[in-house]
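The next block holds one structure in the form of structure tokens; read it before the comments.
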Amino acid sequence: MQNRKDLLFTAMTEAKFPGQSQNQDSVYARAGRTESDVLYGIFVVADGVGGLKDGSLASQTVIETIEAHFEPLWPAVTAVSDQTVTRLRQQLKKAIYKANDAIRAQIGDKEERMASTITCALVVDQAIIVANAGDSRTYLYRQKQLEQLTQDHSLVAWLLRQEHITAEEALTHPYRNVLTHALGAMDKPQVDLFTHRLFPGDWLLLCSDGIWGTLSGAVLAEYLQTAVSPEAVAPTIMQAAQNHSDDLSLILVHLPLM
């Protein structure tokens with residue numbers, strides 16, 4: 001049974017046409033305490049790239065690789081220090097590149113391409129290590145403010161950062177689905193890592209573009225402002241985002257107030 005100091009979380013994924021179309025997204029969420037009573041959590045959203053072969057296999061490969069990599073590592077976390085966080089950052093990057101290699105190994109010499117995005121959050125005690133490749137996002141909601149922790153690896157995001165287009169133009173840009181980096185798409189894709197601190201009352205939202213592409217940051221913040229638990233608000237967000245244009249995936253993580 002979870003107590004007030006434990007992470008509360010839920011994960012959901014749904015095809016754009018539930019029961020009719022294949023879901024290209026995959027999610028993984030696990031949290032608990034080590035034998036030394038160190039709080040930990042690992043949360044992953046992977047979105048198989050639409051238009052390429054076996055997107056669902058690519059995203060599932062990401063999940064399975066990350067899970068297998070970290071499963072034996074948690075018992076070794078006996079205390080939390082800057083060195084612990086640094087090692088976990090290194091392990092996360094290593095695991096993501098391992099997932100990239102696993103996808104590419106399944107492609108082999110075939111001409112078909114297969115790729116997946118990833119956004120991942122590791123929590124150890126009150127440290128958060130966030131990583132991403134592609135346009136799946138991780139947000140932090142704190143004190144009524146929603147902050148996007150990741151930067152999209154997409155053509156439109158690059159054009160926006162270079163101020164070649166406006167935020168309004170980005171919403172309807174014809175190339176808004178073109179990624180500049182994704183796992184499986186190249187030998188060594190760009191993987192961004194960020195380290196933050198988690199405080200009681202904070203929320204993490206990890207999601208595929210099916211969520212953030214439909215619901216604005218302001219709308220997502222409104223849902224989290226009134227949320228009582230991840231399990232209660234997640235179905236509401238999923239239903240609001242379901243316009244049958246894309247698969248939907250989200251993970252909500254909450255550290256309750258002491």
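Just so we're on the same page: first chain in the structure tokens is A, next is B, and so on; residues restart at 1 for each chain, and ligands are numbered from 1 in the order they show up.
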
Long-range neighbours of Asp25 (chain A) as a list of chain:residue names, 8 Å cut-off, only C-alpha atoms, 4 positions minimum in chain: A:Thr13, A:Glu14, A:Ala15, A:Val45, A:Ala46, A:Asp47, A:Gly48, A:Gly55, A:Ser56, A:Ser59, A:Gln60, A:Ser208, A:Asp247, A:Leu248, A:Ser249

Based on the selection just made, write C-alpha atoms of those residues as a PDB file, in the first residue's frame.
```
ATOM      1  CA  THR A  13      -2.304   4.084 -23.929  1.00  0.00           C
ATOM      2  CA  GLU A  14      -4.997   3.793 -26.592  1.00  0.00           C
ATOM      3  CA  ALA A  15      -5.135   3.431 -30.371  1.00  0.00           C
ATOM      4  CA  VAL A  45       6.523   6.678 -23.231  1.00  0.00           C
ATOM      5  CA  ALA A  46       7.554   5.458 -26.694  1.00  0.00           C
ATOM      6  CA  ASP A  47       5.736   6.342 -29.926  1.00  0.00           C
ATOM      7  CA  GLY A  48       6.383   4.217 -32.998  1.00  0.00           C
ATOM      8  CA  GLY A  55       6.016   1.156 -35.377  1.00  0.00           C
ATOM      9  CA  SER A  56       4.433  -0.873 -32.606  1.00  0.00           C
ATOM     10  CA  SER A  59       8.095   1.239 -29.454  1.00  0.00           C
ATOM     11  CA  GLN A  60       7.767  -2.088 -27.647  1.00  0.00           C
ATOM     12  CA  SER A 208       3.054  11.211 -26.927  1.00  0.00           C
ATOM     13  CA  ASP A 247      -2.614   7.097 -30.858  1.00  0.00           C
ATOM     14  CA  LEU A 248      -2.682   8.397 -27.293  1.00  0.00           C
ATOM     15  CA  SER A 249      -0.294   7.687 -24.439  1.00  0.00           C
TER      16      SER A 249
END
```

Do you have, as CSV, the list of residues of region 26-98 of chain A lying at most 9 Å from region 184-198 of chain A, each with its nearest atom pair and that distance in Å to one decimal, counting only C-alpha atoms and ordered by chain then number?
```
residue,atom,partner,partner_atom,distance
A:Ala58,CA,A:Gly184,CA,7.8
A:Val85,CA,A:Thr195,CA,8.6
A:Arg89,CA,A:Leu193,CA,7.5
A:Leu92,CA,A:Leu193,CA,8.8
A:Lys93,CA,A:Val191,CA,7.3
A:Ile96,CA,A:Val191,CA,8.0
A:Tyr97,CA,A:Lys188,CA,7.2
```

Keeping only N, CA and C atoms, write the selected residues as a PDB file, in the first residue's frame.
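Result saved to out.pdb:
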```pdb
ATOM      1  N   ALA A  58       8.745  -1.285 -32.818  1.00  0.00           N
ATOM      2  CA  ALA A  58       9.820  -0.366 -32.441  1.00  0.00           C
ATOM      3  C   ALA A  58       9.589   0.197 -31.046  1.00  0.00           C
ATOM      4  N   VAL A  85      23.184  10.118  -8.878  1.00  0.00           N
ATOM      5  CA  VAL A  85      22.434  10.742  -9.964  1.00  0.00           C
ATOM      6  C   VAL A  85      23.258  10.735 -11.241  1.00  0.00           C
ATOM      7  N   ARG A  89      22.218   8.899 -14.718  1.00  0.00           N
ATOM      8  CA  ARG A  89      22.179   9.624 -16.011  1.00  0.00           C
ATOM      9  C   ARG A  89      22.939   8.843 -17.069  1.00  0.00           C
ATOM     10  N   LEU A  92      21.004   5.730 -18.027  1.00  0.00           N
ATOM     11  CA  LEU A  92      19.828   6.016 -18.846  1.00  0.00           C
ATOM     12  C   LEU A  92      20.234   6.259 -20.297  1.00  0.00           C
ATOM     13  N   LYS A  93      21.269   7.044 -20.489  1.00  0.00           N
ATOM     14  CA  LYS A  93      21.734   7.296 -21.856  1.00  0.00           C
ATOM     15  C   LYS A  93      22.205   5.997 -22.506  1.00  0.00           C
ATOM     16  N   ILE A  96      19.179   3.924 -23.537  1.00  0.00           N
ATOM     17  CA  ILE A  96      18.482   4.458 -24.707  1.00  0.00           C
ATOM     18  C   ILE A  96      19.247   4.118 -25.986  1.00  0.00           C
ATOM     19  N   TYR A  97      20.572   4.242 -25.950  1.00  0.00           N
ATOM     20  CA  TYR A  97      21.361   3.859 -27.127  1.00  0.00           C
ATOM     21  C   TYR A  97      21.284   2.352 -27.371  1.00  0.00           C
TER      22      TYR A  97
END
```

Selection: 12 Å around Thr138 (chain A), only C-alpha atoms, excl. self and same-chain fewer than 6 positions, as a VMD selection string: chain A and resid 43 to 46 118 to 122 128 to 132 146 to 152 192 to 194 196 203 to 209 211 to 212 217 249 to 253

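Every protein or nucleic acid residue with an atom no more than 12 Å from Thr236 (chain A), counting only C-alpha atoms and leaving out same-chain residues fewer than 5 positions away, appears here: Met12, Ile211, Leu215, Val219, Leu220, Glu222, Tyr223, Leu224, Thr226, Ala227, Ser229, Pro230, Glu231, Ala241, Gln242 and Leu250 of chain A.
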
Nearest candidate to Arg113 (chain A) (options A:Ile66, A:Val156, A:Leu140, A:Ala182; using only C-alpha atoms): A:Ala182

Pick from A:Gly134, A:Gly41, A:Gly210, A:Pro72, whichever lies nearest to His244 (chain A) using only C-alpha atoms: A:Gly210

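Of the residues under consideration (A:Ser216, A:Pro200, A:Gln143, A:Leu183), A:Ser216 shows the shortest atom-to-atom contact distance to Leu171 (chain A) when counting only C-alpha atoms.
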
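CA of Phe17 (chain A) to CA of Asn177 (chain A) spans 19.2 Å [interatomic distance, one decimal].
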
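Residue nearest Gln106 (chain A) within the list A:Gln20, A:Ser245, A:Gln145, A:Thr61: A:Thr61 [criterion: smallest interatomic distance, only C-alpha atoms].
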
Between CA of Glu169 (chain A) and CA of Ala240 (chain A) - distance in Å to one decimal: 23.0 Å

All strand (DSSP E) positions in region 90-235 of chain A, as a PyMOL selection string: chain A and resi 118-124+127-133+137-142+145-148+192-197+203-207

Write to file, as a CSV table (one decimal), in the first residue's frame, the residues of the selection just made, with N, CA and C atoms.
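Output saved as result_8.csv:
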```csv
chain,number,residue,atom,x,y,z
A,118,ILE,N,11.1,8.5,-27.8
A,118,ILE,CA,11.1,8.1,-26.4
A,118,ILE,C,11.1,9.3,-25.5
A,119,THR,N,10.4,9.3,-24.5
A,119,THR,CA,10.6,10.3,-23.4
A,119,THR,C,10.6,9.4,-22.1
A,120,CYS,N,11.5,9.7,-21.2
A,120,CYS,CA,11.7,8.9,-20.0
A,120,CYS,C,12.0,9.8,-18.8
A,121,ALA,N,11.5,9.4,-17.7
A,121,ALA,CA,11.8,10.1,-16.4
A,121,ALA,C,12.2,9.0,-15.4
A,122,LEU,N,13.4,9.2,-14.8
A,122,LEU,CA,13.8,8.4,-13.7
A,122,LEU,C,13.7,9.3,-12.4
A,123,VAL,N,13.1,8.8,-11.4
A,123,VAL,CA,13.0,9.4,-10.1
A,123,VAL,C,13.8,8.6,-9.1
A,124,VAL,N,14.7,9.2,-8.4
A,124,VAL,CA,15.4,8.6,-7.3
A,124,VAL,C,15.5,9.6,-6.2
A,127,ALA,N,15.4,13.5,-6.9
A,127,ALA,CA,16.0,13.8,-8.2
A,127,ALA,C,15.2,13.3,-9.3
A,128,ILE,N,15.1,14.0,-10.4
A,128,ILE,CA,14.4,13.6,-11.6
A,128,ILE,C,15.5,13.7,-12.8
A,129,ILE,N,15.6,12.6,-13.5
A,129,ILE,CA,16.4,12.6,-14.7
A,129,ILE,C,15.5,12.3,-15.9
A,130,VAL,N,15.5,13.3,-16.8
A,130,VAL,CA,14.6,13.2,-17.9
A,130,VAL,C,15.4,13.1,-19.2
A,131,ALA,N,14.9,12.2,-20.1
A,131,ALA,CA,15.6,12.0,-21.4
A,131,ALA,C,14.6,12.0,-22.5
A,132,ASN,N,15.0,12.4,-23.7
A,132,ASN,CA,14.1,12.2,-24.8
A,132,ASN,C,14.8,12.2,-26.1
A,133,ALA,N,14.2,11.5,-27.1
A,133,ALA,CA,14.6,11.6,-28.5
A,133,ALA,C,13.3,11.5,-29.3
A,137,ARG,N,6.9,14.0,-25.0
A,137,ARG,CA,7.3,15.1,-24.1
A,137,ARG,C,7.2,14.7,-22.6
A,138,THR,N,8.0,15.3,-21.8
A,138,THR,CA,7.8,15.3,-20.3
A,138,THR,C,7.6,16.7,-19.8
A,139,TYR,N,6.5,16.8,-19.0
A,139,TYR,CA,6.2,18.1,-18.4
A,139,TYR,C,6.3,18.0,-16.9
A,140,LEU,N,6.6,19.1,-16.3
A,140,LEU,CA,6.5,19.3,-14.8
A,140,LEU,C,5.4,20.3,-14.5
A,141,TYR,N,4.5,19.8,-13.6
A,141,TYR,CA,3.5,20.8,-13.1
A,141,TYR,C,3.7,21.1,-11.7
A,142,ARG,N,4.0,22.4,-11.4
A,142,ARG,CA,4.3,22.8,-10.0
A,142,ARG,C,3.7,24.1,-9.7
A,145,GLN,N,1.8,25.9,-12.5
A,145,GLN,CA,2.5,26.2,-13.7
A,145,GLN,C,3.0,24.9,-14.4
A,146,LEU,N,2.7,24.8,-15.7
A,146,LEU,CA,3.1,23.7,-16.4
A,146,LEU,C,4.4,24.0,-17.3
A,147,GLU,N,5.5,23.3,-17.1
A,147,GLU,CA,6.7,23.5,-17.8
A,147,GLU,C,7.1,22.3,-18.6
A,148,GLN,N,7.4,22.5,-19.9
A,148,GLN,CA,7.9,21.4,-20.7
A,148,GLN,C,9.3,21.3,-20.5
A,192,ASP,N,18.7,14.0,-25.4
A,192,ASP,CA,18.8,15.0,-24.5
A,192,ASP,C,18.6,14.5,-23.1
A,193,LEU,N,19.3,15.0,-22.1
A,193,LEU,CA,19.1,14.6,-20.7
A,193,LEU,C,19.1,15.9,-19.9
A,194,PHE,N,18.1,15.9,-18.9
A,194,PHE,CA,18.0,17.0,-18.0
A,194,PHE,C,17.8,16.5,-16.6
A,195,THR,N,18.3,17.2,-15.6
A,195,THR,CA,18.2,16.8,-14.2
A,195,THR,C,17.5,17.9,-13.5
A,196,HIS,N,16.5,17.5,-12.7
A,196,HIS,CA,15.7,18.5,-11.9
A,196,HIS,C,15.4,17.9,-10.5
A,197,ARG,N,14.8,18.7,-9.7
A,197,ARG,CA,14.4,18.2,-8.4
A,197,ARG,C,12.9,18.1,-8.3
A,203,TRP,N,3.8,17.3,-10.1
A,203,TRP,CA,3.3,16.3,-11.0
A,203,TRP,C,4.2,16.2,-12.2
A,204,LEU,N,4.4,15.0,-12.7
A,204,LEU,CA,5.1,14.7,-14.0
A,204,LEU,C,4.1,14.2,-15.0
A,205,LEU,N,4.1,14.7,-16.2
A,205,LEU,CA,3.2,14.2,-17.3
A,205,LEU,C,4.1,13.9,-18.4
A,206,LEU,N,4.2,12.6,-18.8
A,206,LEU,CA,4.9,12.1,-19.9
A,206,LEU,C,3.8,11.8,-21.0
A,207,CYS,N,4.0,12.2,-22.2
A,207,CYS,CA,2.9,11.9,-23.2
A,207,CYS,C,3.5,11.9,-24.6
```

DSSP-assigned alpha helix (DSSP H) members of region 44-258 of chain A, reported as number ranges by chain: A: 55-70, 82-107, 155-161, 167-171, 209-212, 217-225, 230-241

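Taking CA of Ala218 (chain A) and CA of Gln239 (chain A) as endpoints, the distance between them is 16.7 Å.
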
Distance query Ala170 (chain A) at most 8 Å, only C-alpha atoms, self and fewer than 4 positions along chain excluded, as a list in words: Val156, Ala157, Leu160, Ile165, Thr166 and Arg176 of chain A
